[in-house]
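**Q** I have a structure here, written as structure tokens, and I will follow up with some questions on it.
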There are 2 protein chains.
Amino acid sequence: MRTYLDCIPCFFSQALKAARIAGANENMQKKILGEVSKLVPEFPLESTPPEMGRIIYQSVNKLTGNEDPFREIKKDSNQLILNLYPKLKMMVENSKDRILTAIRLATAGNIIDYGTPTSFDIEKEVANCLKSDFAVFDYPEFKQALDNAESILYLGDNAGEIVFDKLLIEELQKEIIYVVRNKPIINDVLIEDAHDCGIDKIARVISNGSDAPGTVLKLCSEEFLEIYHKAPLIVSKGQGNFETLSEDRAPIFFLLKVKCPVIAEDIGCEVNDMILKSNLTNYH
Amino acid sequence: MRTYLDCIPCFFSQALKAARIAGANENMQKKILGEVSKLVPEFPLESTPPEMGRIIYQSVNKLTGNEDPFREIKKDSNQLILNLYPKLKMMVENSKDRILTAIRLATAGNIIDYGTPTSFDIEKEVANCLKSDFAVFDYPEFKQALDNAESILYLGDNAGEIVFDKLLIEELQKEIIYVVRNKPIINDVLIEDAHDCGIDKIARVISNGSDAPGTVLKLCSEEFLEIYHKAPLIVSKGQGNFETLSEDRAPIFFLLKVKCPVIAEDIGCEVNDMILKSNLTNYH
């Protein structure tokens, strides 16, 4: 997905929020917004929003000298959802369609996103996602793809959300490769989050080799790309992965909660909608 | 009120919205955001937001070659509310406290604001303002000030809203000087709006001599300032006038609907709150 001009005010909002979380005082916050002002006019709209996001967040980290401003937030999110895990697991076990319930929960988990202006109440979100309809619901296609695939490449998104991913991975009963970011960027999952949440016990965990808040293929490692291009089925979580892969031809199912009006417009849905979208139908 | 860093993303949103209303294509919109990027880092936070707003909107007008992009919107807003006028007038006439009802309606009218990201439904807003409590309600002080004042300086805000002002002015039964902006800026009222809505029949209409979307005293004309400094009672409509006059010592009652989180924080209330706030209590 390209960058729209409506993303530009949001880049400034994101930079300000990140600067505050990184502990910058008002002078430093203003300096950071000044840096963003220099970057924005040069940024090509043909690029995806996470490519700009990457530059902005790395600039916040550099200027504040804080390499991982969201570290504590990520740890807290993981612990919060790990505490909910037994309750969530029971919801899956007591449901008629366990995979669908796990998909619903994995979508609810996608609300834990510090790269968007929304705040969230996770228990409310879970209740909501269990009863709401998906705006795009390629579930039959997903079930069929699942039947045909021996393994799944699962592109993780945020800390906390990763525990919801664990529930879904446990239901998929396939060989899973779970992908994390290579370096701290917003509250996106790293290797340590996968370990903290026990993903390494149920999947092979790899990094995509990049520090973008999405999957920018040209910035990913050779190792990751080799796996990516051979994957028979890819589950992509969240907005950042959608924004960077929506036009790729790999066999991807995008699973996300829409939190921004630009993405809603691109998909043709509303903010707050739940999406399970195949890109197989576009190209195959 | 000073400018907060949270105003900066909003300046970009406002510039983009204005550029689109002015008919700019995407290239021109990007160019305008680039201009705003150059202006923002140099802007002193000690200034009020409408001082920056003035520079941004004038820059949009200059770059698009459209001197009054909101011209049609203003005409339509005026006509929309003029059509509602008989119904609104009956609401005032049938109420127990006519002045209070007219104040409530004048606050409802303040929702017609193209300088904020909110959209509006005016009939819903009228119904809402008739039944909601004010978050700040210096009505007894206003009634007392009204008893003691022979004349009122009434600072207008937006087109459409001006018809609601007319209803209030008719109830105040004082000598009124109604103030408009000197040049087109967003959908703010000009002399022609006052004439189109018949304000000149019930008040003396003057310009403040400035093209800011507020009342930036240092940019106002000598003629206006002389009247302003002698005014025994001032009614100030809307956010822009509040932002530029909230720290002044003149005897002002601010009447507005809060549409932005920064102003809400400054006042100590919530977005969507109705405000009738005296600054007499601060200084006298």
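Ordering of the structure tokens sets the chain letters (A, B, ...); residue numbers start at 1 within each chain; ligands are numbered from 1 in the order shown.
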Residues of chain A were defined as contacting chain B if any atom lay at most 10 Å from it, counting only C-alpha atoms; please report them as a ChimeraX atom specification.
**A** /A:4-17,26-27,29-42,45
**Q** How would you write, as JSON, numbers by chain, the set of residues in stretch 36-228 of chain B that DSSP gives as strand (DSSP E)?
**A** {"B": [136, 137, 151, 152, 153, 154, 155, 175, 176, 177, 178, 179, 180, 204, 205, 206, 207]}
**Q** For each of B:Asp211, B:Asp133, B:Glu150, B:Glu93, take the minimum atom-to-atom distance to B:Ile55, counting only C-alpha atoms, then give the residue where this is smallest.
**A**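 With only C-alpha atoms as the atom set, the closest residue is B:Asp211.
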**Q** Ranking A:Gly53, A:Lys174, A:Arg204, A:Leu245 by minimum distance to A:Leu217 and counting only C-alpha atoms, which one comes first?
**A**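 Of the candidates, the smallest distance to A:Leu217 is held by A:Leu245.
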